[in-house]
$ cat start.tsv   # TSV, C-alpha atoms
chain	number	residue	atom	x	y	z
A	1	MET	CA	69.19	-17.33	26.41
A	2	ALA	CA	66.20	-18.15	24.18
A	3	ALA	CA	68.45	-18.39	21.11
A	4	GLU	CA	70.69	-20.98	22.78
A	5	GLN	CA	67.68	-22.94	24.02
A	6	ASN	CA	66.20	-22.94	20.50
A	7	LYS	CA	69.50	-24.21	19.06
A	8	GLN	CA	69.54	-27.01	21.66
A	9	VAL	CA	65.99	-28.03	20.72
A	10	PHE	CA	66.89	-28.03	17.02
A	11	ARG	CA	70.02	-30.08	17.72
A	12	ARG	CA	67.94	-32.59	19.73
A	13	VAL	CA	65.56	-33.07	16.79
A	14	ILE	CA	68.47	-33.76	14.43
A	15	GLU	CA	70.77	-35.80	16.65
A	16	GLU	CA	68.21	-37.77	18.66
A	17	GLY	CA	65.39	-38.05	16.13
A	18	PHE	CA	67.05	-38.31	12.73
A	19	ASP	CA	70.44	-39.74	13.68
A	20	LYS	CA	69.59	-42.08	16.56
A	21	GLY	CA	65.92	-42.81	15.85
A	22	ASN	CA	64.96	-41.80	19.39
A	23	LEU	CA	61.61	-40.34	18.36
A	24	ASP	CA	60.32	-40.00	21.93
A	25	ALA	CA	62.98	-37.29	22.42
A	26	LEU	CA	60.96	-35.09	20.01
A	27	ASP	CA	57.83	-34.97	22.17
A	28	GLY	CA	58.77	-31.77	23.99
A	29	CYS	CA	60.27	-30.06	20.94
A	30	PHE	CA	57.16	-29.18	18.92
A	31	SER	CA	54.17	-26.98	19.67
A	32	PRO	CA	50.72	-28.58	19.25
A	33	THR	CA	50.12	-25.85	16.62
A	34	TYR	CA	53.25	-26.84	14.65
A	35	THR	CA	52.96	-26.06	10.93
A	36	GLU	CA	55.07	-27.75	8.25
A	37	HIS	CA	55.95	-25.81	5.09
A	38	GLN	CA	58.25	-28.35	3.39
A	39	PHE	CA	56.69	-30.05	0.38
A	40	ASP	CA	55.15	-33.43	1.13
A	41	LEU	CA	55.78	-33.44	4.88
A	42	PRO	CA	52.91	-33.76	7.36
A	43	SER	CA	52.02	-31.17	10.00
A	44	THR	CA	51.52	-33.37	13.04
A	45	LEU	CA	54.27	-34.64	15.30
A	46	GLU	CA	53.19	-38.28	14.95
A	47	GLU	CA	53.20	-38.06	11.14
A	48	PHE	CA	56.56	-36.27	11.26
A	49	LYS	CA	57.94	-39.16	13.33
A	50	GLY	CA	56.63	-41.50	10.62
A	51	SER	CA	58.58	-39.51	8.01
A	52	ILE	CA	61.76	-39.91	10.06
A	53	ARG	CA	61.12	-43.67	10.38
A	54	TYR	CA	60.68	-43.86	6.59
A	55	LEU	CA	63.96	-42.01	5.91
A	56	ARG	CA	65.89	-44.13	8.41
A	57	ASP	CA	64.44	-47.34	6.93
A	58	THR	CA	64.61	-46.50	3.20
A	59	PHE	CA	68.07	-44.92	3.28
A	60	ALA	CA	69.75	-46.94	6.04
A	61	PRO	CA	72.01	-45.85	7.47
A	62	PHE	CA	70.58	-42.31	7.35
A	63	SER	CA	72.13	-39.31	9.07
A	64	LEU	CA	72.06	-35.53	9.16
A	65	THR	CA	75.18	-33.59	10.12
A	66	ILE	CA	74.78	-29.98	11.19
A	67	GLU	CA	77.44	-28.00	9.32
A	68	ASP	CA	76.31	-24.47	10.25
A	69	MET	CA	73.61	-23.20	12.61
A	70	ILE	CA	72.66	-19.61	13.37
A	71	THR	CA	69.81	-17.86	15.12
A	72	ASP	CA	67.98	-14.73	14.09
A	73	GLY	CA	65.26	-13.59	16.47
A	74	ASP	CA	62.83	-16.47	16.91
A	75	LYS	CA	64.35	-18.56	14.08
A	76	VAL	CA	67.09	-21.16	13.83
A	77	TRP	CA	68.70	-21.60	10.41
A	78	ALA	CA	70.84	-24.65	9.65
A	79	ARG	CA	72.85	-26.03	6.76
A	80	MET	CA	73.28	-29.75	7.04
A	81	THR	CA	74.56	-32.71	5.09
A	82	GLY	CA	72.12	-35.59	4.69
A	83	ARG	CA	73.62	-39.01	3.99
A	84	GLY	CA	72.11	-42.38	3.31
A	85	THR	CA	72.11	-45.51	1.19
A	86	HIS	CA	69.16	-46.53	-0.98
A	87	SER	CA	68.31	-49.75	0.87
A	88	LYS	CA	64.52	-50.11	0.30
A	89	GLU	CA	62.06	-49.34	-2.49
A	90	PHE	CA	61.82	-45.60	-3.17
A	91	MET	CA	59.50	-43.90	-5.66
A	92	GLY	CA	58.54	-47.32	-6.98
A	93	ARG	CA	62.16	-48.18	-7.74
A	94	PRO	CA	64.00	-51.09	-6.15
A	95	PRO	CA	67.00	-50.35	-3.94
A	96	THR	CA	70.13	-49.41	-5.85
A	97	GLY	CA	72.54	-49.80	-2.93
A	98	LYS	CA	73.99	-46.43	-3.92
A	99	SER	CA	74.80	-43.79	-1.33
A	100	PHE	CA	74.16	-40.07	-1.39
A	101	ALA	CA	75.35	-36.94	0.40
A	102	ILE	CA	73.19	-33.85	-0.10
A	103	THR	CA	72.79	-30.37	1.32
A	104	VAL	CA	69.72	-29.70	3.46
A	105	ILE	CA	68.68	-26.21	4.58
A	106	ASP	CA	66.23	-25.98	7.48
A	107	ILE	CA	64.59	-22.99	9.14
A	108	CYS	CA	62.53	-23.38	12.31
A	109	ARG	CA	60.52	-20.68	14.05
A	110	PHE	CA	60.17	-21.03	17.81
A	111	GLU	CA	57.72	-19.87	20.45
A	112	GLN	CA	58.43	-20.55	24.13
A	113	GLY	CA	61.21	-23.00	23.31
A	114	LYS	CA	59.13	-25.12	20.90
A	115	ILE	CA	59.13	-25.40	17.11
A	116	VAL	CA	55.97	-23.82	15.69
A	117	GLU	CA	56.97	-23.68	12.01
A	118	HIS	CA	59.46	-25.47	9.78
A	119	TRP	CA	60.71	-24.82	6.25
A	120	GLY	CA	63.07	-27.35	4.70
A	121	VAL	CA	64.95	-27.51	1.42
A	122	PRO	CA	66.70	-30.83	0.79
A	123	ASP	CA	68.55	-31.08	-2.53
A	124	ARG	CA	66.33	-33.89	-3.81
A	125	PHE	CA	67.50	-33.49	-7.41
A	126	HIS	CA	71.09	-34.16	-6.36
A	127	GLN	CA	69.91	-37.10	-4.27
A	128	LEU	CA	68.09	-38.67	-7.24
A	129	ALA	CA	71.12	-38.09	-9.48
A	130	GLN	CA	73.47	-39.80	-7.02
A	131	LEU	CA	71.10	-42.76	-6.67
A	132	GLY	CA	70.86	-43.14	-10.46
A	133	LEU	CA	67.10	-42.51	-10.40
A	134	LEU	CA	66.95	-39.63	-12.88
A	135	PRO	CA	65.99	-40.45	-16.46
A	136	LYS	CA	68.88	-40.57	-18.88
A	137	PRO	CA	69.05	-37.60	-21.28
A	138	PRO	CA	68.27	-38.42	-24.91
A	139	GLN	CA	71.34	-39.07	-27.05
$ encode --input "start.tsv" --output "structure tokens"
Amino acid sequence: MAAEQNKQVFRRVIEEGFDKGNLDALDGCFSPTYTEHQFDLPSTLEEFKGSIRYLRDTFAPFSLTIEDMITDGDKVWARMTGRGTHSKEFMGRPPTGKSFAITVIDICRFEQGKIVEHWGVPDRFHQLAQLGLLPKPPQ
């Protein structure tokens, strides 16, 4: 039962928060002791909501599609596809209007039905390549 509940919480974060921008739906999903392990992401729920706002604004329309999701003990593992279009300044570069589709791997550890830890691995290199933001190799 706990495994299914954890999957439902994870799905709510992705579908309501990232896809629909309904950030209030995340309030019951995270423990107050939530710890973030992904590079450059904050460890408070309010800051995490700000990161989602940034993604949805900078890469509008932004979405995450869950391709695979499994549970193992107190963890949910997911492989997703992140999609967006470079519509606002990013890394000091003006919008390119180019779209991307990248693989994202997320792992969340749960306690009592709430996320207490998160590890994420988005394929940022592939994202930058698709947006044309990588430096050109010397000729």
$ closest_atom_pairs --input "start.tsv" --of "region 44-63 of chain A" --to "region 109-132 of chain A" --cutoff "12 Å" --atoms "all atoms listed in the file" --output "tab-separated table"
residue	atom	partner	partner_atom	distance
A:Thr44	CA	A:Val116	CA	10.9
A:Leu45	CA	A:Ile115	CA	10.6
A:Phe48	CA	A:His118	CA	11.3
A:Phe59	CA	A:Leu131	CA	10.6
$ write_last_selection --input "start.tsv" --atoms "C-alpha atoms" --output "PDB file, in the frame of the given file"
ATOM      1  CA  THR A  44      51.520 -33.370  13.040  1.00  0.00           C
ATOM      2  CA  LEU A  45      54.270 -34.640  15.300  1.00  0.00           C
ATOM      3  CA  PHE A  48      56.560 -36.270  11.260  1.00  0.00           C
ATOM      4  CA  PHE A  59      68.070 -44.920   3.280  1.00  0.00           C
TER       5      PHE A  59
END
$ closest_residue --input "start.tsv" --among "A:Glu46, A:Glu15, A:Asp106, A:Asp57" --to "Trp77 (chain A)" --atoms "only C-alpha atoms"
A:Asp106
$ closest_residue --input "start.tsv" --among "A:Arg93, A:Lys136, A:Arg83, A:Arg53" --to "Ile66 (chain A)" --atoms "only C-alpha atoms"
A:Arg83
$ residues_around --input "start.tsv" --residues "Lys88 (chain A)" --least-positions-apart "4" --cutoff "10 Å" --atoms "all atoms listed in the file" --output "list in words"
Tyr54, Leu55, Asp57, Thr58, Phe59, Ala60, Gly92, Arg93, Pro94, Pro95, Thr96 and Gly97 of chain A
$ write_last_selection --input "start.tsv" --atoms "C-alpha atoms" --output "PDB file, in the frame of the given file"
ATOM      1  CA  TYR A  54      60.680 -43.860   6.590  1.00  0.00           C
ATOM      2  CA  LEU A  55      63.960 -42.010   5.910  1.00  0.00           C
ATOM      3  CA  ASP A  57      64.440 -47.340   6.930  1.00  0.00           C
ATOM      4  CA  THR A  58      64.610 -46.500   3.200  1.00  0.00           C
ATOM      5  CA  PHE A  59      68.070 -44.920   3.280  1.00  0.00           C
ATOM      6  CA  ALA A  60      69.750 -46.940   6.040  1.00  0.00           C
ATOM      7  CA  GLY A  92      58.540 -47.320  -6.980  1.00  0.00           C
ATOM      8  CA  ARG A  93      62.160 -48.180  -7.740  1.00  0.00           C
ATOM      9  CA  PRO A  94      64.000 -51.090  -6.150  1.00  0.00           C
ATOM     10  CA  PRO A  95      67.000 -50.350  -3.940  1.00  0.00           C
ATOM     11  CA  THR A  96      70.130 -49.410  -5.850  1.00  0.00           C
ATOM     12  CA  GLY A  97      72.540 -49.800  -2.930  1.00  0.00           C
TER      13      GLY A  97
END
$ atom_distance --input "start.tsv" --atom1 "CA of Glu89 (chain A)" --atom2 "CA of Arg56 (chain A)"
12.7 Å
$ closest_residue --input "start.tsv" --among "A:Val76, A:Gly82, A:Ser87, A:Asp24" --to "Ala2 (chain A)" --atoms "all atoms listed in the file"
A:Val76
$ atom_distance --input "start.tsv" --atom1 "CA of Glu16 (chain A)" --atom2 "CA of Ala78 (chain A)"
16.1 Å
$ closest_residue --input "start.tsv" --among "A:Phe10, A:Lys98, A:Leu23, A:Leu41" --to "His86 (chain A)" --atoms "only C-alpha atoms"
A:Lys98
$ atom_distance --input "start.tsv" --atom1 "CA of Met1 (chain A)" --atom2 "CA of Asp74 (chain A)"
11.5 Å
$ residues_around --input "start.tsv" --residues "Leu26 (chain A)" --least-positions-apart "6" --cutoff "8 Å" --atoms "all atoms listed in the file" --output "list of chain:residue names"
A:Arg12, A:Val13, A:Glu16, A:Gly17
$ residues_near_point --input "start.tsv" --point "(73.7, -22.7, 7.1)" --cutoff "6 Å" --atoms "only C-alpha atoms" --output "PyMOL selection string"
chain A and resi 68-69+78-79
$ decode --input "start.tsv" --residues "region 90-139 of chain A" --atoms "N, CA and C atoms" --output "mmCIF file, in the first residue's frame"
data_model
loop_
_atom_site.group_PDB
_atom_site.id
_atom_site.type_symbol
_atom_site.label_atom_id
_atom_site.label_comp_id
_atom_site.auth_asym_id
_atom_site.auth_seq_id
_atom_site.Cartn_x
_atom_site.Cartn_y
_atom_site.Cartn_z
ATOM 1 N N PHE A 90 18.163 32.433 -20.806
ATOM 2 C CA PHE A 90 18.652 31.281 -20.054
ATOM 3 C C PHE A 90 20.165 31.296 -20.115
ATOM 4 N N MET A 91 20.805 31.249 -18.958
ATOM 5 C CA MET A 91 22.258 31.264 -18.856
ATOM 6 C C MET A 91 22.846 32.482 -19.576
ATOM 7 N N GLY A 92 22.144 33.602 -19.465
ATOM 8 C CA GLY A 92 22.607 34.834 -20.095
ATOM 9 C C GLY A 92 22.431 34.879 -21.600
ATOM 10 N N ARG A 93 21.760 33.897 -22.154
ATOM 11 C CA ARG A 93 21.562 33.836 -23.604
ATOM 12 C C ARG A 93 20.102 34.147 -23.934
ATOM 13 N N PRO A 94 19.882 34.922 -24.973
ATOM 14 C CA PRO A 94 18.502 35.238 -25.356
ATOM 15 C C PRO A 94 17.779 33.979 -25.841
ATOM 16 N N PRO A 95 16.462 34.019 -25.844
ATOM 17 C CA PRO A 95 15.699 32.849 -26.283
ATOM 18 C C PRO A 95 16.025 32.479 -27.727
ATOM 19 N N THR A 96 16.164 31.191 -27.949
ATOM 20 C CA THR A 96 16.439 30.689 -29.305
ATOM 21 C C THR A 96 15.167 30.259 -30.019
ATOM 22 N N GLY A 97 14.099 30.012 -29.255
ATOM 23 C CA GLY A 97 12.872 29.492 -29.848
ATOM 24 C C GLY A 97 12.961 28.013 -30.184
ATOM 25 N N LYS A 98 14.117 27.407 -29.881
ATOM 26 C CA LYS A 98 14.296 25.981 -30.173
ATOM 27 C C LYS A 98 13.697 25.134 -29.060
ATOM 28 N N SER A 99 13.245 23.953 -29.442
ATOM 29 C CA SER A 99 12.651 23.022 -28.482
ATOM 30 C C SER A 99 13.643 21.927 -28.128
ATOM 31 N N PHE A 100 13.385 21.276 -27.002
ATOM 32 C CA PHE A 100 14.220 20.154 -26.575
ATOM 33 C C PHE A 100 13.339 19.047 -26.030
ATOM 34 N N ALA A 101 13.887 17.843 -26.040
ATOM 35 C CA ALA A 101 13.285 16.674 -25.392
ATOM 36 C C ALA A 101 14.453 15.905 -24.788
ATOM 37 N N ILE A 102 14.477 15.801 -23.463
ATOM 38 C CA ILE A 102 15.595 15.161 -22.779
ATOM 39 C C ILE A 102 15.101 14.103 -21.795
ATOM 40 N N THR A 103 16.002 13.213 -21.434
ATOM 41 C CA THR A 103 15.705 12.217 -20.415
ATOM 42 C C THR A 103 16.015 12.793 -19.035
ATOM 43 N N VAL A 104 15.122 12.517 -18.100
ATOM 44 C CA VAL A 104 15.289 12.929 -16.707
ATOM 45 C C VAL A 104 15.092 11.679 -15.848
ATOM 46 N N ILE A 105 16.036 11.441 -14.951
ATOM 47 C CA ILE A 105 15.914 10.337 -13.997
ATOM 48 C C ILE A 105 15.737 10.946 -12.609
ATOM 49 N N ASP A 106 14.706 10.548 -11.909
ATOM 50 C CA ASP A 106 14.450 11.033 -10.552
ATOM 51 C C ASP A 106 14.321 9.860 -9.596
ATOM 52 N N ILE A 107 14.836 10.058 -8.390
ATOM 53 C CA ILE A 107 14.675 9.109 -7.293
ATOM 54 C C ILE A 107 14.201 9.910 -6.091
ATOM 55 N N CYS A 108 13.130 9.466 -5.476
ATOM 56 C CA CYS A 108 12.624 10.110 -4.261
ATOM 57 C C CYS A 108 12.526 9.068 -3.157
ATOM 58 N N ARG A 109 12.993 9.455 -1.965
ATOM 59 C CA ARG A 109 12.825 8.607 -0.787
ATOM 60 C C ARG A 109 11.677 9.175 0.029
ATOM 61 N N PHE A 110 10.835 8.281 0.520
ATOM 62 C CA PHE A 110 9.619 8.664 1.235
ATOM 63 C C PHE A 110 9.650 8.203 2.686
ATOM 64 N N GLU A 111 9.027 8.988 3.532
ATOM 65 C CA GLU A 111 8.697 8.590 4.902
ATOM 66 C C GLU A 111 7.269 9.039 5.160
ATOM 67 N N GLN A 112 6.434 8.124 5.613
ATOM 68 C CA GLN A 112 5.041 8.405 5.943
ATOM 69 C C GLN A 112 4.312 9.136 4.818
ATOM 70 N N GLY A 113 4.555 8.676 3.583
ATOM 71 C CA GLY A 113 3.838 9.211 2.432
ATOM 72 C C GLY A 113 4.316 10.567 1.939
ATOM 73 N N LYS A 114 5.465 11.039 2.442
ATOM 74 C CA LYS A 114 5.985 12.339 2.016
ATOM 75 C C LYS A 114 7.422 12.187 1.516
ATOM 76 N N ILE A 115 7.780 13.027 0.548
ATOM 77 C CA ILE A 115 9.139 13.010 0.005
ATOM 78 C C ILE A 115 10.086 13.630 1.031
ATOM 79 N N VAL A 116 11.124 12.875 1.397
ATOM 80 C CA VAL A 116 12.115 13.396 2.343
ATOM 81 C C VAL A 116 13.466 13.636 1.671
ATOM 82 N N GLU A 117 13.708 12.964 0.527
ATOM 83 C CA GLU A 117 14.940 13.188 -0.221
ATOM 84 C C GLU A 117 14.660 13.050 -1.708
ATOM 85 N N HIS A 118 15.401 13.811 -2.501
ATOM 86 C CA HIS A 118 15.273 13.735 -3.956
ATOM 87 C C HIS A 118 16.655 13.801 -4.598
ATOM 88 N N TRP A 119 16.860 12.918 -5.584
ATOM 89 C CA TRP A 119 18.039 12.944 -6.445
ATOM 90 C C TRP A 119 17.520 13.049 -7.866
ATOM 91 N N GLY A 120 18.051 13.957 -8.656
ATOM 92 C CA GLY A 120 17.598 14.109 -10.033
ATOM 93 C C GLY A 120 18.768 14.228 -10.989
ATOM 94 N N VAL A 121 18.585 13.627 -12.165
ATOM 95 C CA VAL A 121 19.628 13.675 -13.191
ATOM 96 C C VAL A 121 18.978 14.023 -14.531
ATOM 97 N N PRO A 122 18.838 15.330 -14.814
ATOM 98 C CA PRO A 122 18.366 15.720 -16.141
ATOM 99 C C PRO A 122 19.555 15.735 -17.105
ATOM 100 N N ASP A 123 19.345 15.375 -18.343
ATOM 101 C CA ASP A 123 20.409 15.373 -19.341
ATOM 102 C C ASP A 123 20.605 16.802 -19.857
ATOM 103 N N ARG A 124 21.234 17.627 -19.025
ATOM 104 C CA ARG A 124 21.415 19.048 -19.350
ATOM 105 C C ARG A 124 22.310 19.256 -20.569
ATOM 106 N N PHE A 125 23.309 18.400 -20.747
ATOM 107 C CA PHE A 125 24.188 18.525 -21.905
ATOM 108 C C PHE A 125 23.381 18.386 -23.196
ATOM 109 N N HIS A 126 22.509 17.388 -23.230
ATOM 110 C CA HIS A 126 21.664 17.178 -24.415
ATOM 111 C C HIS A 126 20.717 18.357 -24.606
ATOM 112 N N GLN A 127 20.209 18.896 -23.508
ATOM 113 C CA GLN A 127 19.333 20.062 -23.588
ATOM 114 C C GLN A 127 20.082 21.240 -24.230
ATOM 115 N N LEU A 128 21.274 21.540 -23.740
ATOM 116 C CA LEU A 128 22.055 22.653 -24.277
ATOM 117 C C LEU A 128 22.381 22.434 -25.747
ATOM 118 N N ALA A 129 22.700 21.197 -26.120
ATOM 119 C CA ALA A 129 23.006 20.889 -27.520
ATOM 120 C C ALA A 129 21.788 21.151 -28.406
ATOM 121 N N GLN A 130 20.607 20.708 -27.969
ATOM 122 C CA GLN A 130 19.398 20.900 -28.769
ATOM 123 C C GLN A 130 19.014 22.365 -28.893
ATOM 124 N N LEU A 131 19.340 23.163 -27.870
ATOM 125 C CA LEU A 131 19.013 24.588 -27.899
ATOM 126 C C LEU A 131 20.070 25.406 -28.631
ATOM 127 N N GLY A 132 21.168 24.761 -29.055
ATOM 128 C CA GLY A 132 22.227 25.467 -29.759
ATOM 129 C C GLY A 132 23.060 26.341 -28.839
ATOM 130 N N LEU A 133 23.140 25.977 -27.556
ATOM 131 C CA LEU A 133 23.848 26.799 -26.576
ATOM 132 C C LEU A 133 25.235 26.277 -26.216
ATOM 133 N N LEU A 134 25.647 25.176 -26.835
ATOM 134 C CA LEU A 134 27.007 24.687 -26.596
ATOM 135 C C LEU A 134 27.971 25.400 -27.529
ATOM 136 N N PRO A 135 29.196 25.648 -27.063
ATOM 137 C CA PRO A 135 30.172 26.268 -27.967
ATOM 138 C C PRO A 135 30.462 25.343 -29.146
ATOM 139 N N LYS A 136 30.741 25.969 -30.262
ATOM 140 C CA LYS A 136 31.088 25.203 -31.467
ATOM 141 C C LYS A 136 32.495 24.656 -31.327
ATOM 142 N N PRO A 137 32.729 23.405 -31.732
ATOM 143 C CA PRO A 137 34.085 22.838 -31.651
ATOM 144 C C PRO A 137 35.010 23.565 -32.635
ATOM 145 N N PRO A 138 36.292 23.664 -32.282
ATOM 146 C CA PRO A 138 37.226 24.334 -33.193
ATOM 147 C C PRO A 138 37.349 23.538 -34.505
ATOM 148 N N GLN A 139 37.563 24.241 -35.579
ATOM 149 C CA GLN A 139 37.646 23.596 -36.893
ATOM 150 C C GLN A 139 39.080 23.231 -37.232
#
